[in-house]
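Enquirer: This is upload-v6.cif (mmCIF, N, CA and C atoms and all ligand atoms).
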data_query
#
loop_
_atom_site.label_atom_id
_atom_site.label_comp_id
_atom_site.auth_asym_id
_atom_site.auth_seq_id
_atom_site.Cartn_x
_atom_site.Cartn_y
_atom_site.Cartn_z
N MET C 1128 14.67 -6.78 -94.56
CA MET C 1128 15.77 -7.06 -93.64
C MET C 1128 15.71 -6.16 -92.42
N SER C 1129 14.78 -5.13 -92.46
CA SER C 1129 14.75 -4.21 -91.33
C SER C 1129 14.20 -4.92 -90.08
N GLY C 1130 13.45 -6.02 -90.31
CA GLY C 1130 12.88 -6.74 -89.16
C GLY C 1130 13.88 -7.63 -88.44
N SER C 1131 15.01 -7.93 -89.06
CA SER C 1131 15.93 -8.90 -88.45
C SER C 1131 16.66 -8.34 -87.24
N SER C 1132 16.87 -7.02 -87.28
CA SER C 1132 17.61 -6.45 -86.16
C SER C 1132 16.85 -6.52 -84.83
N PRO C 1133 15.56 -6.08 -84.80
CA PRO C 1133 14.80 -6.21 -83.55
C PRO C 1133 14.69 -7.66 -83.09
N THR C 1134 14.55 -8.58 -84.08
CA THR C 1134 14.43 -9.99 -83.71
C THR C 1134 15.69 -10.46 -82.99
N LEU C 1135 16.82 -10.05 -83.55
CA LEU C 1135 18.09 -10.43 -82.93
C LEU C 1135 18.17 -9.87 -81.53
N PHE C 1136 17.73 -8.60 -81.40
CA PHE C 1136 17.75 -7.94 -80.10
C PHE C 1136 16.88 -8.70 -79.09
N ASN C 1137 15.68 -9.11 -79.60
CA ASN C 1137 14.78 -9.86 -78.71
C ASN C 1137 15.40 -11.18 -78.28
N ASN C 1138 16.03 -11.86 -79.22
CA ASN C 1138 16.69 -13.13 -78.86
C ASN C 1138 17.73 -12.92 -77.78
N HIS C 1139 18.45 -11.82 -77.96
CA HIS C 1139 19.51 -11.52 -77.00
C HIS C 1139 18.92 -11.30 -75.61
N LYS C 1140 17.78 -10.54 -75.59
CA LYS C 1140 17.12 -10.30 -74.30
C LYS C 1140 16.63 -11.61 -73.69
N ASP C 1141 16.04 -12.45 -74.56
CA ASP C 1141 15.52 -13.73 -74.06
C ASP C 1141 16.63 -14.58 -73.45
N ARG C 1142 17.78 -14.52 -74.12
CA ARG C 1142 18.90 -15.32 -73.59
C ARG C 1142 19.26 -14.85 -72.18
N ASN C 1143 19.29 -13.51 -72.02
CA ASN C 1143 19.60 -12.97 -70.69
C ASN C 1143 18.56 -13.39 -69.68
N LYS C 1144 17.28 -13.32 -70.11
CA LYS C 1144 16.20 -13.71 -69.21
C LYS C 1144 16.36 -15.19 -68.82
N PHE C 1145 16.67 -15.98 -69.84
CA PHE C 1145 16.83 -17.40 -69.58
C PHE C 1145 17.95 -17.65 -68.56
N GLY C 1146 19.03 -16.91 -68.76
CA GLY C 1146 20.16 -17.05 -67.84
C GLY C 1146 19.75 -16.70 -66.42
N LEU C 1147 18.98 -15.63 -66.28
CA LEU C 1147 18.53 -15.20 -64.95
C LEU C 1147 17.64 -16.25 -64.31
N ILE C 1148 16.69 -16.75 -65.11
CA ILE C 1148 15.77 -17.76 -64.58
C ILE C 1148 16.55 -19.02 -64.20
N ALA C 1149 17.49 -19.40 -65.05
CA ALA C 1149 18.31 -20.59 -64.75
C ALA C 1149 19.06 -20.40 -63.44
N ALA C 1150 19.59 -19.18 -63.25
CA ALA C 1150 20.34 -18.91 -62.03
C ALA C 1150 19.44 -19.01 -60.80
N ILE C 1151 18.22 -18.47 -60.92
CA ILE C 1151 17.28 -18.54 -59.79
C ILE C 1151 16.94 -19.99 -59.48
N PHE C 1152 16.69 -20.78 -60.53
CA PHE C 1152 16.38 -22.18 -60.29
C PHE C 1152 17.55 -22.92 -59.65
N LEU C 1153 18.75 -22.58 -60.11
CA LEU C 1153 19.94 -23.23 -59.57
C LEU C 1153 20.05 -22.94 -58.07
N ILE C 1154 19.82 -21.67 -57.70
CA ILE C 1154 19.90 -21.29 -56.29
C ILE C 1154 18.82 -22.01 -55.48
N LEU C 1155 17.59 -22.03 -56.03
CA LEU C 1155 16.50 -22.72 -55.32
C LEU C 1155 16.84 -24.20 -55.16
N PHE C 1156 17.38 -24.77 -56.22
CA PHE C 1156 17.71 -26.19 -56.20
C PHE C 1156 18.77 -26.49 -55.15
N MET C 1157 19.81 -25.66 -55.13
CA MET C 1157 20.89 -25.87 -54.16
C MET C 1157 20.40 -25.65 -52.74
N THR C 1158 19.60 -24.61 -52.54
CA THR C 1158 19.07 -24.33 -51.20
C THR C 1158 18.18 -25.47 -50.76
N GLY C 1159 17.38 -25.97 -51.70
CA GLY C 1159 16.49 -27.09 -51.41
C GLY C 1159 17.28 -28.29 -50.94
N CYS C 1160 18.40 -28.56 -51.56
CA CYS C 1160 19.24 -29.69 -51.19
C CYS C 1160 19.73 -29.56 -49.77
N TYR C 1161 20.10 -28.34 -49.41
CA TYR C 1161 20.65 -28.12 -48.08
C TYR C 1161 19.69 -28.52 -46.98
N PHE C 1162 18.38 -28.32 -47.23
CA PHE C 1162 17.43 -28.57 -46.16
C PHE C 1162 16.65 -29.85 -46.36
N ASP C 1163 17.07 -30.67 -47.33
CA ASP C 1163 16.43 -31.97 -47.50
C ASP C 1163 16.55 -32.77 -46.22
N GLU C 1164 15.48 -33.44 -45.86
CA GLU C 1164 15.54 -34.27 -44.67
C GLU C 1164 16.47 -35.45 -44.93
N GLY C 1165 17.25 -35.79 -43.96
CA GLY C 1165 18.16 -36.92 -44.11
C GLY C 1165 19.47 -36.52 -44.74
N GLU C 1166 19.52 -35.32 -45.27
CA GLU C 1166 20.76 -34.84 -45.87
C GLU C 1166 21.74 -34.51 -44.75
N GLU C 1167 22.95 -35.03 -44.84
CA GLU C 1167 23.91 -34.82 -43.77
C GLU C 1167 24.66 -33.52 -43.99
N ILE C 1168 24.56 -32.61 -43.03
CA ILE C 1168 25.30 -31.37 -43.11
C ILE C 1168 26.47 -31.47 -42.15
N ILE C 1169 27.66 -31.44 -42.67
CA ILE C 1169 28.83 -31.59 -41.82
C ILE C 1169 29.37 -30.21 -41.47
N LEU C 1170 29.33 -29.88 -40.20
CA LEU C 1170 29.80 -28.59 -39.75
C LEU C 1170 31.15 -28.76 -39.06
N PRO C 1171 32.03 -27.80 -39.23
CA PRO C 1171 33.29 -27.87 -38.50
C PRO C 1171 33.02 -27.56 -37.03
N TYR C 1172 32.96 -28.58 -36.22
CA TYR C 1172 32.59 -28.40 -34.83
C TYR C 1172 33.65 -29.03 -33.94
N THR C 1173 34.16 -28.24 -33.01
CA THR C 1173 35.14 -28.78 -32.07
C THR C 1173 34.40 -29.40 -30.90
N VAL C 1174 34.56 -30.71 -30.74
CA VAL C 1174 33.88 -31.41 -29.66
C VAL C 1174 34.56 -31.07 -28.34
N SER C 1175 33.74 -30.83 -27.32
CA SER C 1175 34.27 -30.51 -26.00
C SER C 1175 34.12 -31.73 -25.09
N TYR C 1176 35.21 -32.10 -24.43
CA TYR C 1176 35.12 -33.25 -23.54
C TYR C 1176 34.13 -32.98 -22.41
N SER C 1177 34.26 -31.81 -21.77
CA SER C 1177 33.41 -31.53 -20.61
C SER C 1177 31.95 -31.27 -20.99
N LEU C 1178 31.72 -30.65 -22.16
CA LEU C 1178 30.35 -30.29 -22.52
C LEU C 1178 29.63 -31.34 -23.36
N ASP C 1179 30.39 -32.13 -24.14
CA ASP C 1179 29.76 -33.10 -25.03
C ASP C 1179 29.94 -34.56 -24.58
N ILE C 1180 31.14 -34.91 -24.18
CA ILE C 1180 31.45 -36.32 -23.92
C ILE C 1180 31.09 -36.75 -22.50
N GLN C 1181 31.55 -35.98 -21.51
CA GLN C 1181 31.26 -36.38 -20.12
C GLN C 1181 29.76 -36.54 -19.85
N PRO C 1182 28.91 -35.62 -20.36
CA PRO C 1182 27.47 -35.82 -20.13
C PRO C 1182 26.95 -37.15 -20.68
N ILE C 1183 27.52 -37.64 -21.77
CA ILE C 1183 27.12 -38.95 -22.31
C ILE C 1183 27.46 -40.04 -21.29
N PHE C 1184 28.67 -39.94 -20.73
CA PHE C 1184 29.08 -40.94 -19.73
C PHE C 1184 28.23 -40.82 -18.47
N SER C 1185 28.00 -39.58 -18.02
CA SER C 1185 27.25 -39.38 -16.77
C SER C 1185 25.82 -39.90 -16.89
N THR C 1186 25.25 -39.77 -18.08
CA THR C 1186 23.87 -40.22 -18.30
C THR C 1186 23.78 -41.73 -18.49
N ASN C 1187 24.77 -42.31 -19.18
CA ASN C 1187 24.61 -43.69 -19.62
C ASN C 1187 25.55 -44.71 -19.00
N CYS C 1188 26.57 -44.27 -18.31
CA CYS C 1188 27.62 -45.21 -17.94
C CYS C 1188 27.94 -45.27 -16.45
N THR C 1189 27.84 -44.14 -15.76
CA THR C 1189 28.37 -44.08 -14.38
C THR C 1189 27.54 -44.89 -13.38
N SER C 1190 26.35 -45.31 -13.76
CA SER C 1190 25.58 -46.17 -12.85
C SER C 1190 26.30 -47.52 -12.66
N CYS C 1191 27.13 -47.88 -13.62
CA CYS C 1191 27.91 -49.13 -13.52
C CYS C 1191 29.42 -48.88 -13.42
N HIS C 1192 29.88 -47.85 -14.07
CA HIS C 1192 31.33 -47.54 -14.06
C HIS C 1192 31.54 -46.32 -13.19
N PRO C 1193 31.96 -46.41 -11.94
CA PRO C 1193 32.64 -47.55 -11.33
C PRO C 1193 31.79 -48.36 -10.34
N VAL C 1194 30.49 -48.09 -10.24
CA VAL C 1194 29.72 -48.75 -9.18
C VAL C 1194 29.80 -50.28 -9.27
N LEU C 1195 29.65 -50.78 -10.49
CA LEU C 1195 29.65 -52.23 -10.70
C LEU C 1195 31.00 -52.71 -11.23
N VAL C 1196 31.58 -51.93 -12.12
CA VAL C 1196 32.85 -52.29 -12.75
C VAL C 1196 33.84 -51.14 -12.51
N ALA C 1197 34.98 -51.45 -11.92
CA ALA C 1197 35.93 -50.41 -11.52
C ALA C 1197 36.51 -49.66 -12.72
N ALA C 1198 36.84 -50.37 -13.78
CA ALA C 1198 37.52 -49.73 -14.91
C ALA C 1198 36.73 -49.92 -16.20
N PRO C 1199 36.58 -48.87 -16.97
CA PRO C 1199 37.05 -47.51 -16.69
C PRO C 1199 36.06 -46.77 -15.78
N ASP C 1200 36.61 -45.97 -14.85
CA ASP C 1200 35.78 -45.13 -13.99
C ASP C 1200 35.38 -43.90 -14.81
N LEU C 1201 34.10 -43.77 -15.12
CA LEU C 1201 33.64 -42.69 -16.01
C LEU C 1201 33.04 -41.51 -15.26
N THR C 1202 33.33 -41.44 -13.95
CA THR C 1202 32.85 -40.32 -13.14
C THR C 1202 33.47 -39.01 -13.60
N GLU C 1203 32.67 -37.95 -13.61
CA GLU C 1203 33.17 -36.61 -13.97
C GLU C 1203 34.36 -36.25 -13.08
N GLY C 1204 35.40 -35.72 -13.69
CA GLY C 1204 36.59 -35.32 -12.93
C GLY C 1204 37.63 -36.41 -12.85
N ILE C 1205 37.20 -37.65 -13.07
CA ILE C 1205 38.12 -38.80 -12.99
C ILE C 1205 38.26 -39.45 -14.37
N SER C 1206 37.18 -39.38 -15.15
CA SER C 1206 37.08 -40.15 -16.38
C SER C 1206 38.18 -39.87 -17.40
N TYR C 1207 38.53 -38.59 -17.59
CA TYR C 1207 39.49 -38.29 -18.67
C TYR C 1207 40.79 -39.04 -18.47
N GLU C 1208 41.32 -38.92 -17.25
CA GLU C 1208 42.55 -39.60 -16.88
C GLU C 1208 42.38 -41.12 -17.08
N ALA C 1209 41.24 -41.61 -16.60
CA ALA C 1209 40.98 -43.06 -16.60
C ALA C 1209 40.92 -43.66 -18.01
N ILE C 1210 40.46 -42.88 -18.96
CA ILE C 1210 40.29 -43.47 -20.30
C ILE C 1210 41.44 -43.14 -21.26
N THR C 1211 42.26 -42.14 -20.91
CA THR C 1211 43.31 -41.77 -21.86
C THR C 1211 44.70 -42.24 -21.43
N ASN C 1212 44.78 -42.97 -20.33
CA ASN C 1212 46.10 -43.43 -19.90
C ASN C 1212 46.37 -44.87 -20.31
N GLY C 1213 45.62 -45.36 -21.25
CA GLY C 1213 45.82 -46.75 -21.68
C GLY C 1213 45.18 -46.99 -23.02
N VAL C 1214 44.36 -48.03 -23.09
CA VAL C 1214 43.80 -48.43 -24.39
C VAL C 1214 42.33 -48.08 -24.56
N TYR C 1215 41.71 -47.47 -23.54
CA TYR C 1215 40.27 -47.18 -23.70
C TYR C 1215 40.04 -46.15 -24.78
N ILE C 1216 40.81 -45.06 -24.72
CA ILE C 1216 40.76 -44.05 -25.79
C ILE C 1216 42.18 -43.78 -26.25
N VAL C 1217 42.44 -44.03 -27.52
CA VAL C 1217 43.73 -43.71 -28.11
C VAL C 1217 43.48 -42.58 -29.12
N PRO C 1218 44.02 -41.38 -28.86
CA PRO C 1218 43.77 -40.24 -29.74
C PRO C 1218 44.03 -40.57 -31.21
N ASN C 1219 43.12 -40.18 -32.07
CA ASN C 1219 43.23 -40.36 -33.52
C ASN C 1219 43.25 -41.82 -33.97
N ASP C 1220 42.86 -42.74 -33.09
CA ASP C 1220 42.87 -44.15 -33.48
C ASP C 1220 41.60 -44.86 -33.00
N LEU C 1221 40.60 -44.89 -33.85
CA LEU C 1221 39.31 -45.48 -33.48
C LEU C 1221 39.43 -46.98 -33.26
N GLU C 1222 40.24 -47.63 -34.09
CA GLU C 1222 40.41 -49.08 -34.01
C GLU C 1222 40.97 -49.49 -32.66
N ALA C 1223 41.95 -48.71 -32.19
CA ALA C 1223 42.64 -49.06 -30.94
C ALA C 1223 41.88 -48.59 -29.71
N SER C 1224 40.87 -47.74 -29.90
CA SER C 1224 40.14 -47.20 -28.76
C SER C 1224 39.05 -48.17 -28.31
N LEU C 1225 39.37 -48.94 -27.25
CA LEU C 1225 38.45 -50.00 -26.80
C LEU C 1225 37.09 -49.45 -26.39
N LEU C 1226 37.09 -48.27 -25.76
CA LEU C 1226 35.80 -47.71 -25.33
C LEU C 1226 34.93 -47.42 -26.56
N TYR C 1227 35.53 -46.84 -27.59
CA TYR C 1227 34.77 -46.57 -28.81
C TYR C 1227 34.29 -47.87 -29.44
N GLN C 1228 35.14 -48.88 -29.43
CA GLN C 1228 34.76 -50.17 -30.00
C GLN C 1228 33.56 -50.76 -29.26
N ARG C 1229 33.54 -50.55 -27.93
CA ARG C 1229 32.41 -51.07 -27.14
C ARG C 1229 31.12 -50.33 -27.50
N LEU C 1230 31.21 -49.03 -27.79
CA LEU C 1230 30.01 -48.28 -28.20
C LEU C 1230 29.46 -48.85 -29.50
N GLN C 1231 30.36 -49.39 -30.32
CA GLN C 1231 29.98 -49.96 -31.62
C GLN C 1231 29.51 -51.42 -31.49
N GLY C 1232 29.57 -51.94 -30.24
CA GLY C 1232 29.13 -53.32 -30.04
C GLY C 1232 30.22 -54.34 -30.25
N ASN C 1233 31.45 -53.90 -30.16
CA ASN C 1233 32.59 -54.78 -30.45
C ASN C 1233 33.50 -54.92 -29.22
N PRO C 1234 33.61 -56.03 -28.54
CA PRO C 1234 32.95 -57.31 -28.86
C PRO C 1234 31.50 -57.40 -28.36
N SER C 1235 31.12 -56.57 -27.37
CA SER C 1235 29.71 -56.52 -26.98
C SER C 1235 29.38 -55.07 -26.64
N VAL C 1236 28.11 -54.70 -26.79
CA VAL C 1236 27.77 -53.28 -26.76
C VAL C 1236 27.73 -52.70 -25.34
N MET C 1237 28.16 -51.44 -25.22
CA MET C 1237 28.02 -50.64 -24.01
C MET C 1237 27.20 -49.41 -24.36
N PRO C 1238 26.21 -49.03 -23.54
CA PRO C 1238 25.76 -49.77 -22.35
C PRO C 1238 25.10 -51.09 -22.73
N PRO C 1239 25.10 -52.06 -21.80
CA PRO C 1239 24.57 -53.40 -22.12
C PRO C 1239 23.09 -53.37 -22.51
N SER C 1240 22.36 -52.34 -22.08
CA SER C 1240 20.92 -52.27 -22.39
C SER C 1240 20.64 -51.95 -23.85
N GLY C 1241 21.67 -51.53 -24.59
CA GLY C 1241 21.46 -51.20 -26.00
C GLY C 1241 22.30 -50.01 -26.39
N SER C 1242 22.66 -49.94 -27.66
CA SER C 1242 23.64 -48.93 -28.08
C SER C 1242 23.09 -47.51 -27.92
N LEU C 1243 24.02 -46.57 -27.75
CA LEU C 1243 23.68 -45.16 -27.61
C LEU C 1243 23.09 -44.64 -28.92
N PRO C 1244 22.36 -43.50 -28.87
CA PRO C 1244 21.92 -42.87 -30.12
C PRO C 1244 23.14 -42.58 -31.01
N SER C 1245 22.95 -42.71 -32.31
CA SER C 1245 24.10 -42.55 -33.23
C SER C 1245 24.75 -41.18 -33.10
N GLU C 1246 23.98 -40.12 -32.72
CA GLU C 1246 24.58 -38.79 -32.55
C GLU C 1246 25.64 -38.82 -31.45
N ASP C 1247 25.35 -39.55 -30.37
CA ASP C 1247 26.30 -39.63 -29.26
C ASP C 1247 27.58 -40.36 -29.69
N ILE C 1248 27.38 -41.45 -30.42
CA ILE C 1248 28.54 -42.23 -30.88
C ILE C 1248 29.37 -41.38 -31.85
N GLU C 1249 28.68 -40.60 -32.70
CA GLU C 1249 29.37 -39.69 -33.63
C GLU C 1249 30.21 -38.66 -32.88
N LEU C 1250 29.67 -38.14 -31.77
CA LEU C 1250 30.41 -37.15 -30.98
C LEU C 1250 31.69 -37.76 -30.44
N VAL C 1251 31.59 -38.96 -29.89
CA VAL C 1251 32.78 -39.62 -29.34
C VAL C 1251 33.79 -39.87 -30.48
N LYS C 1252 33.27 -40.29 -31.62
CA LYS C 1252 34.13 -40.53 -32.78
C LYS C 1252 34.88 -39.26 -33.19
N SER C 1253 34.13 -38.15 -33.34
CA SER C 1253 34.75 -36.89 -33.74
C SER C 1253 35.78 -36.43 -32.72
N TRP C 1254 35.44 -36.61 -31.45
CA TRP C 1254 36.34 -36.18 -30.38
C TRP C 1254 37.67 -36.96 -30.47
N ILE C 1255 37.60 -38.25 -30.69
CA ILE C 1255 38.82 -39.06 -30.83
C ILE C 1255 39.61 -38.61 -32.07
N GLU C 1256 38.88 -38.36 -33.16
CA GLU C 1256 39.53 -37.93 -34.41
C GLU C 1256 40.16 -36.54 -34.28
N GLN C 1257 39.64 -35.76 -33.32
CA GLN C 1257 40.21 -34.43 -33.08
C GLN C 1257 41.35 -34.49 -32.07
N GLY C 1258 41.79 -35.71 -31.73
CA GLY C 1258 42.93 -35.87 -30.84
C GLY C 1258 42.56 -36.08 -29.39
N ALA C 1259 41.27 -36.29 -29.11
CA ALA C 1259 40.78 -36.56 -27.74
C ALA C 1259 41.33 -35.58 -26.70
N PRO C 1260 41.14 -34.28 -26.91
CA PRO C 1260 41.67 -33.31 -25.96
C PRO C 1260 40.83 -33.23 -24.68
N ASP C 1261 41.45 -32.76 -23.60
CA ASP C 1261 40.74 -32.53 -22.33
C ASP C 1261 40.25 -31.09 -22.35
N ASN C 1262 39.23 -30.84 -23.14
CA ASN C 1262 38.79 -29.44 -23.33
C ASN C 1262 37.40 -29.19 -22.80
C1 LIG M 1 24.44 -51.93 -16.62
C2 LIG M 1 25.83 -51.72 -16.30
C3 LIG M 1 26.71 -51.05 -17.32
C4 LIG M 1 26.52 -49.86 -17.97
C5 LIG M 1 25.34 -48.91 -17.88
C6 LIG M 1 27.70 -49.66 -18.79
N1 LIG M 1 28.56 -50.71 -18.64
FE1 LIG M 1 30.40 -50.89 -19.49
N2 LIG M 1 30.65 -52.68 -18.62
C7 LIG M 1 29.76 -53.29 -17.75
C8 LIG M 1 30.26 -54.59 -17.36
C9 LIG M 1 29.55 -55.60 -16.42
C10 LIG M 1 31.51 -54.76 -18.00
C11 LIG M 1 32.47 -55.95 -17.91
C12 LIG M 1 32.04 -57.06 -18.81
C13 LIG M 1 32.29 -56.75 -20.23
O1 LIG M 1 33.45 -56.42 -20.58
O2 LIG M 1 31.35 -56.80 -21.03
C14 LIG M 1 31.72 -53.54 -18.79
C15 LIG M 1 32.83 -53.31 -19.56
C16 LIG M 1 33.09 -52.12 -20.22
C17 LIG M 1 34.29 -51.83 -20.91
C18 LIG M 1 35.49 -52.77 -21.05
C19 LIG M 1 36.32 -52.69 -19.80
C20 LIG M 1 37.61 -53.49 -19.95
O3 LIG M 1 38.53 -53.17 -19.20
O4 LIG M 1 37.69 -54.37 -20.79
C21 LIG M 1 34.18 -50.57 -21.42
C22 LIG M 1 35.22 -49.81 -22.21
C23 LIG M 1 32.89 -50.09 -21.03
N3 LIG M 1 32.25 -51.06 -20.30
C24 LIG M 1 32.40 -48.85 -21.37
C25 LIG M 1 31.12 -48.41 -21.06
C26 LIG M 1 30.59 -47.16 -21.50
C27 LIG M 1 31.35 -46.14 -22.33
C28 LIG M 1 29.31 -47.09 -21.03
C29 LIG M 1 28.30 -46.02 -21.29
C30 LIG M 1 28.10 -45.63 -22.67
C31 LIG M 1 29.07 -48.29 -20.28
N4 LIG M 1 30.18 -49.08 -20.33
C32 LIG M 1 27.88 -48.57 -19.61
C33 LIG M 1 28.55 -52.77 -17.31
C34 LIG M 1 28.01 -51.58 -17.74
#
Kindly transcribe the structure held in the file into structure tokens.
Ligand code: HEC
Expert:
Amino acid sequence: MSGSSPTLFNNHKDRNKFGLIAAIFLILFMTGCYFDEGEEIILPYTVSYSLDIQPIFSTNCTSCHPVLVAAPDLTEGISYEAITNGVYIVPNDLEASLLYQRLQGNPSVMPPSGSLPSEDIELVKSWIEQGAPDN
């Protein structure tokens, strides 16, 4: 029976080792998940109208709005007023925001040449969901 005590001790050590290895694998596994391609990482990010949204309009929209179509005028310095004083952008309401609906192709897509990259549409979406501030 003198051999049973060391054996028990060894088992105990092995259990600890197993726990440590399991913990390392768990960390590796979780870290691996974080950097998987295609995995969506949602960061708490406050969208800025002047830094995030206006550049989208200036790049993709102002060649026609207001040059070809008066409303909405998406020119920097004018656009915020133009889109938030009616139905183009309704804070916290994607359904009611006609401009957002047009980005989604509803009833037809803006810009007419083809929809914006999904990251741009996501920015506009987040901005509306954050209350569409003039920030
Ligand atoms: C090539 C010219 C062109 C570009 C670029 C363009 N639009 Fe338009 N847009 C139009 C025309 C023409 C209309 C009117 C016909 C229609 O409603 O489809 C219009 C209509 C709209 C309307 C509806 C206006 C209303 O009062 O019903 C919205 C909102 C709009 N565009 C937003 C955008 C946004 C946002 C962009 C950039 C992401 C953009 N447009 C880019 C030509 C353009």
Enquirer: At what distance in Å, to one decimal, does atom N of Ser1235 (chain C) lie from atom C of Leu1195 (chain C)?
Expert: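 Atom-to-atom, atom C of Leu1195 (chain C) and atom N of Ser1235 (chain C) are spaced 16.6 Å apart.
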Enquirer: With all atoms listed in the file counted, collect every polymer residue having an atom within 7 Å of ligand LIG 1 (chain M); state the result as JSON, numbers by chain.
Expert: {"C": [1183, 1184, 1186, 1187, 1188, 1189, 1190, 1191, 1192, 1195, 1196, 1198, 1199, 1215, 1225, 1226, 1227, 1229, 1230, 1235, 1236, 1237, 1238, 1239, 1240, 1243]}
Enquirer: Those selected residues, please, written with N, CA and C atoms and delivered as a CSV table (one decimal), in the frame of the given file.
Expert:
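Listing of selection.csv after writing:
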chain,number,residue,atom,x,y,z
C,1183,ILE,N,27.5,-37.6,-21.8
C,1183,ILE,CA,27.1,-39.0,-22.3
C,1183,ILE,C,27.5,-40.0,-21.3
C,1184,PHE,N,28.7,-39.9,-20.7
C,1184,PHE,CA,29.1,-40.9,-19.7
C,1184,PHE,C,28.2,-40.8,-18.5
C,1186,THR,N,25.2,-39.8,-18.1
C,1186,THR,CA,23.9,-40.2,-18.3
C,1186,THR,C,23.8,-41.7,-18.5
C,1187,ASN,N,24.8,-42.3,-19.2
C,1187,ASN,CA,24.6,-43.7,-19.6
C,1187,ASN,C,25.6,-44.7,-19.0
C,1188,CYS,N,26.6,-44.3,-18.3
C,1188,CYS,CA,27.6,-45.2,-17.9
C,1188,CYS,C,27.9,-45.3,-16.4
C,1189,THR,N,27.8,-44.1,-15.8
C,1189,THR,CA,28.4,-44.1,-14.4
C,1189,THR,C,27.5,-44.9,-13.4
C,1190,SER,N,26.4,-45.3,-13.8
C,1190,SER,CA,25.6,-46.2,-12.8
C,1190,SER,C,26.3,-47.5,-12.7
C,1191,CYS,N,27.1,-47.9,-13.6
C,1191,CYS,CA,27.9,-49.1,-13.5
C,1191,CYS,C,29.4,-48.9,-13.4
C,1192,HIS,N,29.9,-47.8,-14.1
C,1192,HIS,CA,31.3,-47.5,-14.1
C,1192,HIS,C,31.5,-46.3,-13.2
C,1195,LEU,N,29.6,-50.8,-10.5
C,1195,LEU,CA,29.6,-52.2,-10.7
C,1195,LEU,C,31.0,-52.7,-11.2
C,1196,VAL,N,31.6,-51.9,-12.1
C,1196,VAL,CA,32.8,-52.3,-12.8
C,1196,VAL,C,33.8,-51.1,-12.5
C,1198,ALA,N,36.8,-50.4,-13.8
C,1198,ALA,CA,37.5,-49.7,-14.9
C,1198,ALA,C,36.7,-49.9,-16.2
C,1199,PRO,N,36.6,-48.9,-17.0
C,1199,PRO,CA,37.0,-47.5,-16.7
C,1199,PRO,C,36.1,-46.8,-15.8
C,1215,TYR,N,41.7,-47.5,-23.5
C,1215,TYR,CA,40.3,-47.2,-23.7
C,1215,TYR,C,40.0,-46.2,-24.8
C,1225,LEU,N,39.4,-48.9,-27.2
C,1225,LEU,CA,38.4,-50.0,-26.8
C,1225,LEU,C,37.1,-49.4,-26.4
C,1226,LEU,N,37.1,-48.3,-25.8
C,1226,LEU,CA,35.8,-47.7,-25.3
C,1226,LEU,C,34.9,-47.4,-26.6
C,1227,TYR,N,35.5,-46.8,-27.6
C,1227,TYR,CA,34.8,-46.6,-28.8
C,1227,TYR,C,34.3,-47.9,-29.4
C,1229,ARG,N,33.5,-50.6,-27.9
C,1229,ARG,CA,32.4,-51.1,-27.1
C,1229,ARG,C,31.1,-50.3,-27.5
C,1230,LEU,N,31.2,-49.0,-27.8
C,1230,LEU,CA,30.0,-48.3,-28.2
C,1230,LEU,C,29.5,-48.8,-29.5
C,1235,SER,N,31.1,-56.6,-27.4
C,1235,SER,CA,29.7,-56.5,-27.0
C,1235,SER,C,29.4,-55.1,-26.6
C,1236,VAL,N,28.1,-54.7,-26.8
C,1236,VAL,CA,27.8,-53.3,-26.8
C,1236,VAL,C,27.7,-52.7,-25.3
C,1237,MET,N,28.2,-51.4,-25.2
C,1237,MET,CA,28.0,-50.6,-24.0
C,1237,MET,C,27.2,-49.4,-24.4
C,1238,PRO,N,26.2,-49.0,-23.5
C,1238,PRO,CA,25.8,-49.8,-22.4
C,1238,PRO,C,25.1,-51.1,-22.7
C,1239,PRO,N,25.1,-52.1,-21.8
C,1239,PRO,CA,24.6,-53.4,-22.1
C,1239,PRO,C,23.1,-53.4,-22.5
C,1240,SER,N,22.4,-52.3,-22.1
C,1240,SER,CA,20.9,-52.3,-22.4
C,1240,SER,C,20.6,-52.0,-23.8
C,1243,LEU,N,24.0,-46.6,-27.8
C,1243,LEU,CA,23.7,-45.2,-27.6
C,1243,LEU,C,23.1,-44.6,-28.9
Enquirer: State, in Å with one decimal place, the distance from CA of Asn1212 (chain C) to CA of Gly1241 (chain C).
Expert: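 Between these atoms lies a distance of 26.5 Å.
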Enquirer: Please determine, counting only N, CA and C atoms, which residue among C:Glu1222, C:Asp1179, C:Asn1233, C:Ala1149 has the shortest atom-to-atom distance to Asp1247 (chain C).
Expert: C:Asp1179
Enquirer: Can you work out which one of C:Ser1206, C:Ser1242, C:Ala1197, C:Gln1228 has the shortest atom-to-atom distance to Tyr1176 (chain C), counting only C-alpha atoms?
Expert: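 Under the stated criterion, the closest residue is C:Ser1206.
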Enquirer: Could you tell me how far CA of Asp1261 (chain C) sits from atom N of Glu1203 (chain C), in Å to one decimal place?
Expert: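 Separation between atom N of Glu1203 (chain C) and CA of Asp1261 (chain C): 13.1 Å.
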Enquirer: Using only C-alpha atoms, find the one residue out of C:Ser1185, C:Gly1204, C:Leu1147, C:Ile1255 that sits nearest to Ser1224 (chain C).
Expert: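 Among the listed residues, C:Ile1255 lies closest to Ser1224 (chain C).
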Enquirer: Choose the residue, out of C:Ser1245, C:Ser1175, C:Gln1181, C:Thr1202, that has the smallest atom-to-atom separation from Pro1260 (chain C); count all atoms listed in the file.
Expert: C:Ser1175
